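The structure file protein.cif is reproduced below (mmCIF, C-alpha atoms and all ligand atoms).
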```
data_entry
loop_
_atom_site.label_atom_id
_atom_site.label_comp_id
_atom_site.auth_asym_id
_atom_site.auth_seq_id
_atom_site.Cartn_x
_atom_site.Cartn_y
_atom_site.Cartn_z
CA MET A 1 -9.31 5.43 -5.86
CA PRO A 2 -6.87 6.56 -3.21
CA ALA A 3 -8.26 6.11 0.25
CA ARG A 4 -7.37 7.89 3.43
CA GLY A 5 -7.02 6.22 6.75
CA SER A 6 -7.09 8.12 9.99
CA GLY A 7 -4.88 9.30 12.79
CA ALA A 8 -1.65 9.88 10.95
CA VAL A 9 -0.69 13.54 10.76
CA ASP A 10 -0.06 14.23 14.37
CA LEU A 11 1.05 17.06 16.55
CA LYS A 12 3.52 16.06 19.21
CA VAL A 13 1.78 18.08 21.88
CA GLY A 14 -1.54 19.76 22.45
CA PRO A 15 -5.14 18.80 22.00
CA LEU A 16 -4.50 16.93 18.77
CA HIS A 17 -1.91 14.68 20.35
CA ALA A 18 -0.35 11.81 18.41
CA HIS A 19 -1.89 8.44 18.93
CA ASP A 20 -0.74 6.36 15.99
CA THR A 21 2.48 7.95 14.98
CA PHE A 22 3.91 5.44 12.58
CA SER A 23 0.90 3.80 11.07
CA ARG A 24 1.56 2.89 7.47
CA ARG A 25 -2.00 2.06 6.49
CA GLY A 26 -3.96 3.65 3.72
CA ALA A 27 -1.18 4.98 1.53
CA ALA A 28 -2.44 6.70 -1.55
CA ASP A 29 -0.91 7.89 -4.73
CA ILE A 30 -0.61 11.38 -5.92
CA ALA A 31 0.99 10.30 -9.17
CA LYS A 32 4.76 10.38 -9.12
CA THR A 33 6.26 10.13 -12.52
CA HIS A 34 9.62 8.51 -12.86
CA LYS A 35 12.72 10.45 -13.61
CA GLU A 36 13.80 10.44 -17.20
CA ASP A 37 17.51 10.04 -17.52
CA THR A 38 17.92 12.50 -20.32
CA LEU A 39 20.85 14.72 -19.46
CA ASP A 40 24.31 14.11 -20.82
CA HIS A 41 26.08 15.73 -17.90
CA THR A 42 25.11 13.03 -15.40
CA ARG A 43 27.87 12.80 -12.83
CA VAL A 44 28.87 10.06 -10.50
CA ILE A 45 28.32 11.42 -7.03
CA HIS A 46 30.62 10.47 -4.17
CA GLU A 47 32.63 8.19 -6.36
CA GLY A 48 33.50 5.02 -4.54
CA ALA A 49 30.99 5.75 -1.80
CA ALA A 50 28.30 3.53 -3.34
CA MET A 51 25.58 6.10 -2.87
CA ASN A 52 22.67 5.00 -4.99
CA LYS A 53 19.64 6.59 -3.43
CA ILE A 54 19.04 9.89 -1.67
CA GLU A 55 15.70 10.61 0.00
CA ILE A 56 14.92 14.23 0.75
CA LEU A 57 12.12 15.58 2.94
CA THR A 58 11.27 19.25 2.63
CA GLY A 59 9.09 21.51 4.75
CA ALA A 60 7.83 25.07 4.77
CA GLY A 61 11.32 26.51 5.33
CA ILE A 62 12.36 25.74 1.75
CA SER A 63 9.59 28.00 0.43
CA ALA A 64 10.15 30.79 2.98
CA GLU A 65 12.51 32.69 0.70
CA SER A 66 9.92 32.45 -2.07
CA GLY A 67 7.69 34.56 0.17
CA LEU A 68 5.46 31.80 1.51
CA GLY A 69 5.13 31.90 5.29
CA THR A 70 6.04 28.93 7.43
CA PHE A 71 3.70 27.54 10.08
CA ARG A 72 5.59 27.83 13.34
CA ASP A 73 8.03 30.70 12.88
CA GLU A 74 7.16 34.06 14.41
CA ASN A 75 4.00 35.37 12.70
CA GLY A 76 3.69 32.00 10.94
CA LEU A 77 0.37 30.66 9.71
CA TRP A 78 -0.40 28.97 13.02
CA ALA A 79 0.03 32.27 14.85
CA GLN A 80 -2.70 33.73 12.66
CA HIS A 81 -5.12 30.82 12.32
CA ARG A 82 -6.25 28.05 14.67
CA ILE A 83 -5.18 24.61 13.47
CA GLU A 84 -8.43 23.20 14.81
CA ASP A 85 -10.44 25.59 12.60
CA VAL A 86 -8.64 25.24 9.26
CA ALA A 87 -6.62 22.01 9.34
CA THR A 88 -8.86 19.32 10.81
CA PRO A 89 -11.88 17.41 9.46
CA GLU A 90 -13.83 18.69 12.46
CA GLY A 91 -13.01 22.29 11.57
CA PHE A 92 -14.18 21.66 8.02
CA ASP A 93 -17.45 20.15 9.23
CA ALA A 94 -18.03 23.13 11.52
CA ASN A 95 -17.27 25.87 8.98
CA PRO A 96 -16.45 24.71 5.46
CA LYS A 97 -16.49 28.23 4.03
CA LEU A 98 -13.79 29.37 6.46
CA VAL A 99 -11.64 26.43 5.42
CA HIS A 100 -12.14 27.05 1.69
CA ASP A 101 -11.31 30.73 2.19
CA PHE A 102 -8.09 29.83 4.03
CA TYR A 103 -6.88 27.53 1.24
CA ASN A 104 -8.08 29.93 -1.49
CA MET A 105 -5.86 32.55 0.14
CA ARG A 106 -2.90 30.17 0.31
CA ARG A 107 -3.46 29.00 -3.28
CA ALA A 108 -3.41 32.62 -4.48
CA GLU A 109 -0.17 33.32 -2.58
CA SER A 110 1.41 30.14 -3.89
CA THR A 111 0.46 31.00 -7.48
CA LYS A 112 2.22 34.36 -7.15
CA ALA A 113 5.39 32.86 -5.65
CA SER A 114 8.32 31.52 -7.68
CA PRO A 115 10.76 28.71 -6.91
CA ASN A 116 13.97 29.88 -5.23
CA SER A 117 17.52 28.59 -5.64
CA ALA A 118 16.90 25.77 -3.14
CA HIS A 119 14.03 24.37 -5.23
CA ASP A 120 16.17 24.79 -8.34
CA ALA A 121 19.12 22.99 -6.77
CA LEU A 122 17.05 19.96 -5.75
CA ALA A 123 15.58 19.72 -9.25
CA GLN A 124 19.10 19.83 -10.64
CA LEU A 125 20.23 17.14 -8.19
CA GLN A 126 17.44 14.86 -9.39
CA LYS A 127 18.71 15.25 -12.94
CA ALA A 128 22.43 15.05 -12.21
CA PHE A 129 22.57 12.18 -9.73
CA ARG A 130 23.34 8.83 -11.31
CA GLY A 131 21.09 7.04 -8.82
CA GLU A 132 17.68 7.98 -7.48
CA VAL A 133 16.76 11.19 -5.70
CA ILE A 134 13.41 10.75 -4.00
CA LEU A 135 11.85 14.08 -3.11
CA VAL A 136 9.07 14.09 -0.52
CA THR A 137 7.53 17.34 0.57
CA GLN A 138 5.16 18.28 3.34
CA ASN A 139 4.47 21.47 1.41
CA VAL A 140 1.23 21.93 -0.47
CA ASP A 141 2.64 24.54 -2.85
CA ASP A 142 3.91 23.47 -6.28
CA LEU A 143 7.31 25.18 -6.22
CA HIS A 144 9.28 21.93 -6.46
CA GLU A 145 7.39 20.95 -9.62
CA ARG A 146 7.74 24.42 -11.08
CA ALA A 147 11.51 24.13 -10.55
CA GLY A 148 11.38 20.88 -12.52
CA ALA A 149 11.47 18.25 -9.75
CA GLU A 150 9.36 15.13 -9.41
CA THR A 151 7.76 15.32 -6.02
CA MET A 152 5.64 13.30 -3.64
CA HIS A 153 3.20 15.54 -1.77
CA MET A 154 2.61 13.61 1.44
CA HIS A 155 0.32 16.33 2.84
CA GLY A 156 -1.63 16.86 -0.39
CA ALA A 157 -1.58 19.88 -2.66
CA LEU A 158 -3.30 23.21 -3.11
CA ALA A 159 -3.64 22.21 -6.76
CA GLY A 160 -6.10 19.48 -5.86
CA SER A 161 -9.70 19.16 -4.73
CA LEU A 162 -11.15 16.15 -2.94
CA CYS A 163 -14.75 15.02 -2.51
CA ALA A 164 -15.51 14.67 1.20
CA ALA A 165 -18.28 12.22 0.29
CA CYS A 166 -16.90 9.83 -2.34
CA GLY A 167 -13.13 10.47 -2.20
CA ALA A 168 -12.80 11.57 -5.84
CA ARG A 169 -9.84 13.83 -6.53
CA TRP A 170 -9.51 16.40 -9.31
CA PRO A 171 -7.49 19.51 -10.21
CA SER A 172 -8.65 22.46 -8.13
CA SER A 173 -9.93 25.76 -9.41
CA LEU A 174 -8.11 28.80 -8.12
CA LEU A 175 -11.16 29.62 -5.99
CA THR A 176 -13.28 26.89 -4.42
CA GLN A 177 -16.35 26.83 -2.20
CA PRO A 178 -18.19 24.11 -0.29
CA GLU A 179 -21.11 24.11 -2.75
CA ASP A 180 -18.87 23.13 -5.68
CA PRO A 181 -20.23 19.83 -7.01
CA CYS A 182 -18.00 16.78 -7.13
CA PRO A 183 -17.39 15.88 -10.79
CA SER A 184 -17.78 12.21 -9.89
CA CYS A 185 -20.80 11.97 -7.55
CA ALA A 186 -22.26 15.49 -8.09
CA ARG A 187 -22.68 16.10 -4.37
CA PRO A 188 -21.76 19.59 -3.05
CA THR A 189 -19.00 18.17 -0.86
CA THR A 190 -15.80 19.67 -2.29
CA ARG A 191 -12.87 20.14 0.07
CA PRO A 192 -9.20 20.96 -0.51
CA ASP A 193 -7.05 17.90 -1.21
CA ILE A 194 -4.96 18.66 1.86
CA VAL A 195 -4.08 16.09 4.52
CA TRP A 196 -5.32 17.51 7.81
CA PHE A 197 -4.40 16.60 11.37
CA GLY A 198 -5.92 13.24 12.16
CA GLU A 199 -5.72 12.07 8.53
CA MET A 200 -3.34 9.69 6.79
CA PRO A 201 -0.66 11.28 4.60
CA TYR A 202 -0.33 10.14 1.02
CA GLN A 203 2.16 7.60 -0.34
CA MET A 204 3.40 6.44 3.06
CA ASP A 205 4.17 2.89 1.96
CA GLU A 206 6.36 4.18 -0.84
CA ILE A 207 8.05 6.77 1.37
CA TYR A 208 8.90 4.22 4.08
CA ALA A 209 10.15 1.75 1.48
CA HIS A 210 12.63 4.37 0.22
CA LEU A 211 13.67 5.16 3.81
CA GLY A 212 14.45 1.48 4.16
CA ASP A 213 17.01 1.41 1.38
CA CYS A 214 18.29 4.96 0.89
CA ASP A 215 21.96 5.76 1.46
CA LEU A 216 21.37 9.34 2.56
CA PHE A 217 18.32 10.98 4.12
CA ALA A 218 18.13 14.80 4.16
CA ALA A 219 15.54 16.95 5.90
CA ILE A 220 15.33 20.55 4.68
CA GLY A 221 13.36 23.42 6.20
CA THR A 222 11.16 21.47 8.56
CA SER A 223 10.71 21.97 12.30
CA GLY A 224 10.37 18.30 13.20
CA GLU A 225 7.16 19.09 15.06
CA VAL A 226 4.73 16.99 13.03
CA TYR A 227 4.63 13.22 12.70
CA PRO A 228 4.96 10.98 10.82
CA ALA A 229 7.45 13.13 8.84
CA ALA A 230 9.40 14.03 11.99
CA GLY A 231 10.11 10.33 12.52
CA PHE A 232 11.60 9.69 9.08
CA VAL A 233 15.14 10.37 10.30
CA GLN A 234 14.84 7.58 12.85
CA HIS A 235 13.67 5.16 10.17
CA ALA A 236 16.61 6.19 8.00
CA ASN A 237 19.02 5.72 10.91
CA ALA A 238 17.58 2.28 11.60
CA SER A 239 18.24 1.39 7.95
CA GLY A 240 21.87 2.48 8.21
CA ALA A 241 21.56 5.59 6.06
CA ASP A 242 23.64 8.71 6.54
CA THR A 243 21.49 11.65 7.64
CA ILE A 244 21.71 15.42 7.28
CA GLU A 245 19.54 18.31 8.44
CA LEU A 246 19.57 21.62 6.55
CA ASN A 247 17.51 24.19 8.40
CA LEU A 248 17.57 27.79 9.50
CA GLU A 249 18.07 26.62 13.07
CA PRO A 250 18.21 23.25 14.85
CA SER A 251 14.90 21.41 14.57
CA SER A 252 13.21 19.41 17.32
CA THR A 253 14.77 16.25 15.92
CA VAL A 254 18.27 17.61 15.29
CA SER A 255 19.90 15.14 17.68
CA HIS A 256 19.00 12.26 15.34
CA PHE A 257 20.97 13.66 12.40
CA ALA A 258 24.61 12.77 11.76
CA GLN A 259 25.32 16.05 9.97
CA THR A 260 23.77 19.51 10.16
CA ARG A 261 23.94 22.73 8.13
CA PHE A 262 22.24 25.83 9.48
CA GLY A 263 21.28 28.87 7.42
CA PRO A 264 18.76 30.00 4.80
CA ALA A 265 17.84 27.18 2.43
CA ALA A 266 18.46 29.35 -0.64
CA GLN A 267 22.14 29.36 0.41
CA THR A 268 22.71 26.04 2.16
CA VAL A 269 20.88 23.81 -0.32
CA PRO A 270 22.68 24.93 -3.52
CA ALA A 271 26.02 24.65 -1.67
CA TRP A 272 25.17 21.13 -0.47
CA VAL A 273 23.97 20.04 -3.92
CA SER A 274 27.12 21.48 -5.44
CA GLU A 275 29.24 19.36 -3.07
CA LEU A 276 27.24 16.25 -3.97
CA THR A 277 27.49 16.83 -7.69
CA SER A 278 31.14 17.86 -7.78
CA GLY A 279 32.33 14.46 -6.59
N1 LIG B 1 15.64 28.27 5.22
C1 LIG B 1 15.64 27.09 5.89
N2 LIG B 1 14.81 26.83 6.91
C2 LIG B 1 13.95 27.78 7.27
C3 LIG B 1 13.88 29.03 6.62
C4 LIG B 1 14.79 29.27 5.56
N3 LIG B 1 14.80 30.40 4.88
N4 LIG B 1 12.91 29.77 7.22
C5 LIG B 1 12.40 29.02 8.20
N5 LIG B 1 13.02 27.81 8.23
C6 LIG B 1 12.79 26.67 9.13
C7 LIG B 1 12.32 27.06 10.49
O1 LIG B 1 13.43 27.29 11.35
C8 LIG B 1 11.51 25.84 10.90
O2 LIG B 1 12.34 24.88 11.57
O3 LIG B 1 11.73 25.92 8.56
C9 LIG B 1 11.04 25.25 9.59
C10 LIG B 1 9.54 25.45 9.34
O4 LIG B 1 8.83 24.72 10.30
P1 LIG B 1 7.23 24.67 10.29
O5 LIG B 1 6.69 26.04 10.18
O6 LIG B 1 6.82 23.86 11.46
O7 LIG B 1 6.91 23.93 8.92
P2 LIG B 1 6.92 22.36 8.62
O8 LIG B 1 7.99 21.67 9.40
O9 LIG B 1 6.93 22.22 7.15
O10 LIG B 1 5.52 21.94 9.17
C11 LIG B 1 5.12 20.59 9.03
O11 LIG B 1 2.99 21.18 9.88
O12 LIG B 1 0.94 22.21 10.15
C12 LIG B 1 1.66 21.36 9.45
O13 LIG B 1 0.83 20.41 7.54
C13 LIG B 1 1.67 21.45 7.95
O14 LIG B 1 3.21 20.41 6.44
C14 LIG B 1 3.11 21.21 7.60
C15 LIG B 1 3.64 20.51 8.83
#
```
Output the file's structure as structure tokens, nothing else.
Amino acid sequence: MPARGSGAVDLKVGPLHAHDTFSRRGAADIAKTHKEDTLDHTRVIHEGAAMNKIEILTGAGISAESGLGTFRDENGLWAQHRIEDVATPEGFDANPKLVHDFYNMRRAESTKASPNSAHDALAQLQKAFRGEVILVTQNVDDLHERAGAETMHMHGALAGSLCAACGARWPSSLLTQPEDPCPSCARPTTRPDIVWFGEMPYQMDEIYAHLGDCDLFAAIGTSGEVYPAAGFVQHANASGADTIELNLEPSSTVSHFAQTRFGPAAQTVPAWVSELTSG
């Protein structure tokens, strides 16, 4: 059973300040299936450049043009809701119904949304690249999967429920409430399978291992405000990887990237993928 550690999703500033930014303990495994190499049109990318593995981190910005709000842009989710109330274990303990309602609302919005051309392009890159394309998202929507990509959800998923008592995980109903019984231990301790501030993201060991041997690390649509994800670029740099940021505007960690592309993801990502696959 996947276990969570503590102290890993951290804000850089404020009352929930980081204290264990790069802990790698307690990695867990939302199942990541392996890419099937089925397509005939596989292309060699960057011929002669020996690029065998690309690791991509996405954030809320990639889903913005699908109609899902980001967290920190003007009128973003964190302008409308207090992080402490809806995205911490303490908030859940204080008012579980408020927390369920918040994620029920987000699950309904996510269900109505459709993948945009940036999600589609990354799914296509996974299929067309002769090496590996590791896709890690901080997003809890399922738009990458619905575009056809294999995805690691380091911050959990709206599609999942988690037992706050025994740690069991199961597919979520569209609407959940605190009284929902856990299918494993039967206690009324259902919570969203979302990694909150102060909790350990999923699959960290695997994500860091890929950062250690990828040739290119790309961050797309993320503000660089939340660790450990914001520190991935430094790990990639330390491993000698090339790095690129694609974002609407420079992120907090832009200075660590070798290359940058600014603009809406639905435009910049397909163009970037097209360059990679036309080699
Ligand atoms: N195309 C590309 N980037 C965009 C677009 C767009 N259309 N719209 C907004 N952005 C950029 C913003 O400029 C911003 O830098 O996306 C970024 C979104 O930043 P955040 O709202 O902070 O989202 P994210 O980085 O994913 O947040 C990380 O914070 O609260 C937590 O757990 C939550 O996973 C989330 C984490």
Within 9 Å of ligand LIG 1 (chain B), counting only C-alpha atoms and all ligand atoms, residues as number ranges by chain: A: 9-11, 58-66, 69-73, 76-78, 83, 87, 118, 137-140, 154-155, 194-197, 220-227, 229-230, 246-252, 262-269
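A cut-off of 6 Å from the point (14.2, 12.0, -2.0), with all atoms listed in the file, picks out the residues A:Ile54, A:Glu55, A:Ile56, A:Val133, A:Ile134, A:Leu135, A:Val136.
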Residue with smallest distance to A:Gly91 - pool A:Thr260, A:Leu216, A:Arg191, A:Phe232, counting only C-alpha atoms: A:Arg191
Given all atoms listed in the file as the counted atoms, nearest of A:Ser255, A:His235, A:Ser117, A:Ala165 to A:Pro178: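 Smallest separation from A:Pro178 among the options: A:Ala165.
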Selected residue of minimal separation from A:Ala123 among A:Arg106, A:Leu143, A:Phe92, A:Leu162, counting all atoms listed in the file: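 Closest to A:Ala123, using all atoms listed in the file: A:Leu143.
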Closest of A:Asp215, A:Glu245, A:Glu132, A:Asp193 to A:Pro89 - atom-to-atom distances counting all atoms listed in the file: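 Of A:Asp215, A:Glu245, A:Glu132, A:Asp193, the one nearest A:Pro89, counting all atoms listed in the file, is A:Asp193.
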Among listed residues A:Gly198, A:Asp205, A:Arg187, A:Lys53, nearest A:Thr88 (using all atoms listed in the file):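 Checking each of A:Gly198, A:Asp205, A:Arg187, A:Lys53 against A:Thr88, counting all atoms listed in the file, the winner is A:Gly198.
We find atom CA of A:Ile244 and atom CA of A:Ala121 to be spaced 16.2 Å apart.
When only C-alpha atoms are used to compute distances to A:Ser274, the closest of the residues A:Leu68, A:Leu125, A:Ala209, A:Val86 turns out to be A:Leu125.
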One-decimal distance in Å that lies between atom CA of A:His256 and atom CA of A:Ala149: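 We find that atom CA of A:Ala149 and atom CA of A:His256 lie 26.9 Å from each other.
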d(atom CA of A:Thr111, atom CA of A:Pro192) in Å: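 These two atoms are separated by 15.6 Å.
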Sel. within 9 Å of pt (-22.0, 17.6, -0.3), counting all atoms listed in the file, output as a PyMOL selection string: chain A and resi 163-165+178-182+186-190
